[in-house]
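Okay, so here's the structure we're looking at.
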Amino acid sequence: MFSWLIDEWFPGPEVTAVLLTMTKLLEWVFGVLLLGVAWALMTFDLLDLKIPGTYREVAWPMPVYLLVVFGCYSLATVGYRVATFNDCEEASIELQAQIMEAKEDLRRKGLKM
Amino acid sequence: MTNRKGSQQSRDSDKYSVLLPTYNERENLPLIVWLLVKYFGESGHNYEVIVIDDGSPDGTLEVAKQLQEIYGEDKILLRPRAKKLGLGTAYIHGIKHATGNYVFIMDADLSHHPKFIPEFIEKQREGGYDLVSGTRYRGDGGVYGWDLRRKLISRGANFITQVLLRPGASDLTGSFRLYKKEVLESLVERCVSKGYVFQMEMIVRARQLNYSIGEVPISFVDRVYGESKLGGNEIVSFLKGLLTLFATT
């Protein structure tokens, strides 16, 4: 699936084209993989960079933090949008009035309902 | 609502075809046509209304014929089909007979008010957009007749869709839209979904094909007052459609 990564290590036009035509699913897989690799590198110090223990302790629970933050953001956003969803009272009143007007006018023009 | 007159900048060469797919809309059809005639008359844009009736047993076609006599055969076109065949094919059928270079699609049940049409046209001209979508979720847009449950489902579904698909439009399931005719043609050909998902697929494919999208806030007056017509089946088919688009676009 990602053979182009091996063929084309450097982003040439081919890679750009693949990135542009990726489905949303592939974009997500790609993004999660990138984050996952970065997380594993930090947490398990896979590159042997002698990352200090404190950093690794912060990195270790990061996926859960991110999920919780995203969950809170989602709930807050949806909640706010539900609360501020416009009730178009006046649109309904206007429509009702226009329906009466239309019916009368159409009857005058000879429409048999 | 804002009611700016667009007649000053009306271009004679532009013509707007309104596609109205109907099924058992005997009560509503005369009213929607009356409103269309009123607002197109006030704004001075060139237009035609194409009624695509799918063999309604309630006599919608009879009423449509009377309307044709009242408003003229150049304004009201009847392109009926023998039976109910789905929205996508109704649009294809309608486009074939449309003489305008722009096409409006909207519901005939009065949930979409023709008073917004001049705003759609103005918006389209302002940015040269390939399509202009009405939105219930932005600015002065909104709904009438939805309870808390319905609002929550709607907002929740919209949020999930925005996160997964990033479609570049705020109202994906709305069906009050203005298209350049050739844009609508190319989109309809590609879309295979049914129901709510059809409108969503149209706008997602539009983004995929790099068409430009403008938005106009609209008020949506639900004709089923009080009670909710969004059941479990609709939600399941919506999620299926969403995941299909997620995996394929």
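Chain labels follow the order of the structure tokens: the first chain is A, the next B, and so on; residue numbering restarts at 1 in every chain, and ligands are counted from 1 in their shown order.
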- Task: Find the spatial neighbours of A:Lys24, counting only C-alpha atoms, within a cut-off of 12 Å - ignore same-chain residues fewer than 3 positions away - and output them as a PyMOL selection string.
- Result: (chain A and resi 19-21+27-31) or (chain B and resi 161-167+204+208+242-249)
- Neighbour list for A:Val78 as JSON, numbers by chain, cut-off 9 Å, only C-alpha atoms, skip fewer than 2 positions in-chain: {"A": [73, 74, 75, 76, 80, 81, 82, 83], "B": [152, 155, 156, 159]}
- What is the atom CA of B:Ile121-atom CA of A:Lys109 distance in Å, reported with one decimal?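 Value for the atom CA of B:Ile121-atom CA of A:Lys109 distance: 29.1 Å.
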Kindly provide the residues of chain A that approach chain B to within 8 Å, each paired with its closest atom pair and their distance in Å to one decimal, based on only C-alpha atoms, listed by chain and increasing number, as CSV.
```
residue,atom,partner,partner_atom,distance
A:Met22,CA,B:Thr249,CA,7.8
A:Thr23,CA,B:Thr249,CA,4.8
A:Lys24,CA,B:Phe246,CA,5.4
A:Leu25,CA,B:Ala247,CA,5.1
A:Leu26,CA,B:Ala247,CA,7.7
A:Ser74,CA,B:Phe159,CA,7.9
A:Val78,CA,B:Gly156,CA,6.0
A:Gly79,CA,B:Leu152,CA,8.0
A:Arg81,CA,B:Arg155,CA,6.8
A:Val82,CA,B:Leu152,CA,5.9
A:Phe85,CA,B:Gly142,CA,6.2
A:Asn86,CA,B:Gly142,CA,4.5
A:Asp87,CA,B:Tyr144,CA,5.4
A:Cys88,CA,B:Tyr144,CA,5.0
A:Glu89,CA,B:Tyr144,CA,6.3
A:Ala91,CA,B:Ser219,CA,6.8
A:Ser92,CA,B:Val221,CA,6.2
A:Ile99,CA,B:Leu31,CA,6.5
A:Ala102,CA,B:Leu31,CA,6.1
A:Lys103,CA,B:Leu31,CA,7.2
A:Leu106,CA,B:Pro30,CA,7.8
A:Lys109,CA,B:Ile70,CA,6.9
A:Gly110,CA,B:Ile70,CA,7.8
A:Leu111,CA,B:Gln66,CA,6.4
A:Lys112,CA,B:Val63,CA,7.8
A:Met113,CA,B:Val63,CA,7.2
```
- State, in Å with one decimal place, the distance from atom CA of B:Arg79 to atom CA of B:Phe40.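 Those two atoms sit 21.0 Å apart.
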- Query: Skipping near chain neighbours, those fewer than 2 positions away, what residues fall within 12 Å of B:Lys96 using only C-alpha atoms, listed as a PyMOL selection string?
  - Reply: chain B and resi 17+19+50+52+79+89-94+98-101+103+181-182+184-185
- Query: Which residues come within 10 Å of B:Arg190, counting only C-alpha atoms, excluding same-chain residues fewer than 2 positions away, as a PyMOL selection string?
  - Reply: chain B and resi 88+185-188+192-193+201-202+205
- Task: Could you give me, as a PyMOL selection string, the residues within 12 Å of B:Pro21, counting only C-alpha atoms and dropping anything in the same chain fewer than 5 positions from it?
- Result: chain B and resi 29+49-56+60-61+64+77-81+83-95+104-109+175
Write a file of the selected residues as an mmCIF file, in the first residue's frame, keeping N, CA and C atoms.
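File result17.cif, as written:
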```
data_model
loop_
_atom_site.group_PDB
_atom_site.id
_atom_site.type_symbol
_atom_site.label_atom_id
_atom_site.label_comp_id
_atom_site.auth_asym_id
_atom_site.auth_seq_id
_atom_site.Cartn_x
_atom_site.Cartn_y
_atom_site.Cartn_z
ATOM 1 N N LEU B 29 -47.477 21.847 -3.974
ATOM 2 C CA LEU B 29 -46.961 22.291 -5.272
ATOM 3 C C LEU B 29 -47.452 23.685 -5.695
ATOM 4 N N VAL B 49 -39.577 26.528 -14.134
ATOM 5 C CA VAL B 49 -39.765 25.534 -13.083
ATOM 6 C C VAL B 49 -40.075 24.199 -13.746
ATOM 7 N N ILE B 50 -39.270 23.189 -13.456
ATOM 8 C CA ILE B 50 -39.475 21.874 -14.059
ATOM 9 C C ILE B 50 -40.006 20.913 -13.002
ATOM 10 N N VAL B 51 -41.258 20.521 -13.169
ATOM 11 C CA VAL B 51 -41.883 19.617 -12.209
ATOM 12 C C VAL B 51 -41.684 18.179 -12.683
ATOM 13 N N ILE B 52 -40.989 17.387 -11.854
ATOM 14 C CA ILE B 52 -40.748 15.985 -12.196
ATOM 15 C C ILE B 52 -41.574 15.145 -11.242
ATOM 16 N N ASP B 53 -42.774 14.804 -11.676
ATOM 17 C CA ASP B 53 -43.664 14.039 -10.794
ATOM 18 C C ASP B 53 -43.532 12.552 -11.071
ATOM 19 N N ASP B 54 -43.316 11.806 -9.992
ATOM 20 C CA ASP B 54 -43.108 10.368 -10.133
ATOM 21 C C ASP B 54 -44.411 9.589 -9.959
ATOM 22 N N GLY B 55 -45.378 9.876 -10.823
ATOM 23 C CA GLY B 55 -46.629 9.129 -10.805
ATOM 24 C C GLY B 55 -47.380 9.196 -9.487
ATOM 25 N N SER B 56 -47.474 10.389 -8.881
ATOM 26 C CA SER B 56 -48.180 10.531 -7.613
ATOM 27 C C SER B 56 -49.630 10.089 -7.740
ATOM 28 N N THR B 60 -51.049 15.037 -8.146
ATOM 29 C CA THR B 60 -50.117 16.169 -8.204
ATOM 30 C C THR B 60 -49.984 16.683 -9.640
ATOM 31 N N LEU B 61 -49.958 15.743 -10.588
ATOM 32 C CA LEU B 61 -49.764 16.120 -11.986
ATOM 33 C C LEU B 61 -50.924 16.958 -12.510
ATOM 34 N N ALA B 64 -50.441 20.323 -11.316
ATOM 35 C CA ALA B 64 -49.322 20.930 -12.050
ATOM 36 C C ALA B 64 -49.793 21.440 -13.416
ATOM 37 N N LEU B 77 -42.755 23.697 -16.623
ATOM 38 C CA LEU B 77 -42.576 22.557 -17.524
ATOM 39 C C LEU B 77 -42.895 21.273 -16.768
ATOM 40 N N LEU B 78 -43.639 20.383 -17.413
ATOM 41 C CA LEU B 78 -43.992 19.123 -16.772
ATOM 42 C C LEU B 78 -43.210 17.994 -17.419
ATOM 43 N N ARG B 79 -42.431 17.328 -16.621
ATOM 44 C CA ARG B 79 -41.658 16.194 -17.132
ATOM 45 C C ARG B 79 -41.877 14.993 -16.233
ATOM 46 N N PRO B 80 -43.100 14.463 -16.229
ATOM 47 C CA PRO B 80 -43.426 13.368 -15.305
ATOM 48 C C PRO B 80 -42.778 12.049 -15.690
ATOM 49 N N ARG B 81 -42.696 11.189 -14.684
ATOM 50 C CA ARG B 81 -42.223 9.822 -14.920
ATOM 51 C C ARG B 81 -43.290 8.862 -14.397
ATOM 52 N N LYS B 83 -43.216 6.101 -12.520
ATOM 53 C CA LYS B 83 -43.220 5.658 -11.118
ATOM 54 C C LYS B 83 -42.023 6.228 -10.366
ATOM 55 N N LYS B 84 -42.025 5.998 -9.076
ATOM 56 C CA LYS B 84 -40.986 6.523 -8.211
ATOM 57 C C LYS B 84 -39.641 5.858 -8.536
ATOM 58 N N LEU B 85 -38.670 6.671 -8.944
ATOM 59 C CA LEU B 85 -37.406 6.095 -9.414
ATOM 60 C C LEU B 85 -36.182 6.670 -8.697
ATOM 61 N N GLY B 86 -36.391 7.480 -7.688
ATOM 62 C CA GLY B 86 -35.228 7.978 -6.950
ATOM 63 C C GLY B 86 -34.792 9.370 -7.379
ATOM 64 N N LEU B 87 -34.109 10.033 -6.449
ATOM 65 C CA LEU B 87 -33.765 11.438 -6.609
ATOM 66 C C LEU B 87 -32.717 11.664 -7.700
ATOM 67 N N GLY B 88 -31.684 10.845 -7.691
ATOM 68 C CA GLY B 88 -30.593 11.014 -8.647
ATOM 69 C C GLY B 88 -31.096 10.986 -10.081
ATOM 70 N N THR B 89 -31.922 9.963 -10.391
ATOM 71 C CA THR B 89 -32.427 9.853 -11.756
ATOM 72 C C THR B 89 -33.429 10.963 -12.061
ATOM 73 N N ALA B 90 -34.123 11.456 -11.026
ATOM 74 C CA ALA B 90 -35.040 12.581 -11.236
ATOM 75 C C ALA B 90 -34.255 13.808 -11.690
ATOM 76 N N TYR B 91 -33.098 14.040 -11.081
ATOM 77 C CA TYR B 91 -32.274 15.179 -11.474
ATOM 78 C C TYR B 91 -31.746 15.002 -12.900
ATOM 79 N N ILE B 92 -31.280 13.776 -13.220
ATOM 80 C CA ILE B 92 -30.778 13.521 -14.571
ATOM 81 C C ILE B 92 -31.882 13.785 -15.595
ATOM 82 N N HIS B 93 -33.070 13.270 -15.278
ATOM 83 C CA HIS B 93 -34.247 13.465 -16.128
ATOM 84 C C HIS B 93 -34.557 14.953 -16.294
ATOM 85 N N GLY B 94 -34.517 15.682 -15.170
ATOM 86 C CA GLY B 94 -34.818 17.118 -15.201
ATOM 87 C C GLY B 94 -33.781 17.913 -15.985
ATOM 88 N N ILE B 95 -32.516 17.609 -15.772
ATOM 89 C CA ILE B 95 -31.439 18.361 -16.434
ATOM 90 C C ILE B 95 -31.560 18.243 -17.949
ATOM 91 N N PHE B 104 -31.385 25.202 -9.979
ATOM 92 C CA PHE B 104 -31.695 25.127 -8.555
ATOM 93 C C PHE B 104 -32.290 23.767 -8.265
ATOM 94 N N ILE B 105 -31.857 23.128 -7.164
ATOM 95 C CA ILE B 105 -32.608 21.980 -6.685
ATOM 96 C C ILE B 105 -33.102 22.302 -5.285
ATOM 97 N N MET B 106 -34.340 21.956 -5.042
ATOM 98 C CA MET B 106 -34.935 22.234 -3.730
ATOM 99 C C MET B 106 -36.106 21.274 -3.508
ATOM 100 N N ASP B 107 -36.552 21.189 -2.252
ATOM 101 C CA ASP B 107 -37.693 20.330 -1.950
ATOM 102 C C ASP B 107 -38.987 21.073 -2.241
ATOM 103 N N ALA B 108 -40.000 20.334 -2.660
ATOM 104 C CA ALA B 108 -41.277 20.955 -3.003
ATOM 105 C C ALA B 108 -42.207 21.024 -1.797
ATOM 106 N N ASP B 109 -41.730 20.627 -0.624
ATOM 107 C CA ASP B 109 -42.643 20.521 0.523
ATOM 108 C C ASP B 109 -42.664 21.782 1.393
ATOM 109 N N SER B 175 -30.653 20.074 0.910
ATOM 110 C CA SER B 175 -30.842 19.861 -0.524
ATOM 111 C C SER B 175 -31.381 21.109 -1.216
#
```
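Residues of stretch 86-123 of chain B that DSSP, applied to the backbone, places in helix (DSSP H, G or I): Leu87, Gly88, Thr89, Ala90, Tyr91, Ile92, His93, Gly94, Ile95, Lys96, His97, Pro114, Lys115, Phe116, Ile117, Pro118, Glu119, Phe120, Ile121, Glu122 and Lys123 of chain B.
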Restrict the selected residues to C-alpha atoms and save them as a short mmCIF file (atom, residue, chain, number, x, y, z; two decimals), in the first residue's frame.
```cif
data_model
loop_
_atom_site.label_atom_id
_atom_site.label_comp_id
_atom_site.auth_asym_id
_atom_site.auth_seq_id
_atom_site.Cartn_x
_atom_site.Cartn_y
_atom_site.Cartn_z
CA LEU B 87 -33.76 11.44 -6.61
CA GLY B 88 -30.59 11.01 -8.65
CA THR B 89 -32.43 9.85 -11.76
CA ALA B 90 -35.04 12.58 -11.24
CA TYR B 91 -32.27 15.18 -11.47
CA ILE B 92 -30.78 13.52 -14.57
CA HIS B 93 -34.25 13.47 -16.13
CA GLY B 94 -34.82 17.12 -15.20
CA ILE B 95 -31.44 18.36 -16.43
CA LYS B 96 -32.08 16.83 -19.85
CA HIS B 97 -35.03 19.17 -20.27
CA PRO B 114 -37.87 30.62 -2.44
CA LYS B 115 -37.16 33.97 -0.74
CA PHE B 116 -33.53 32.85 -0.49
CA ILE B 117 -33.15 32.41 -4.24
CA PRO B 118 -31.93 35.98 -4.92
CA GLU B 119 -29.32 35.50 -2.19
CA PHE B 120 -28.11 32.27 -3.82
CA ILE B 121 -27.76 34.04 -7.16
CA GLU B 122 -25.98 37.01 -5.64
CA LYS B 123 -23.59 34.72 -3.79
#
```
- Among the residues of stretch 157-247 of chain B, find those DSSP assigns to strand (DSSP E or B) from the backbone and print them as number ranges by chain. B: 177-180, 213-217, 219-221
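Here atom CA of A:Asp105 is placed at a distance of 15.3 Å from atom CA of B:Gly41.
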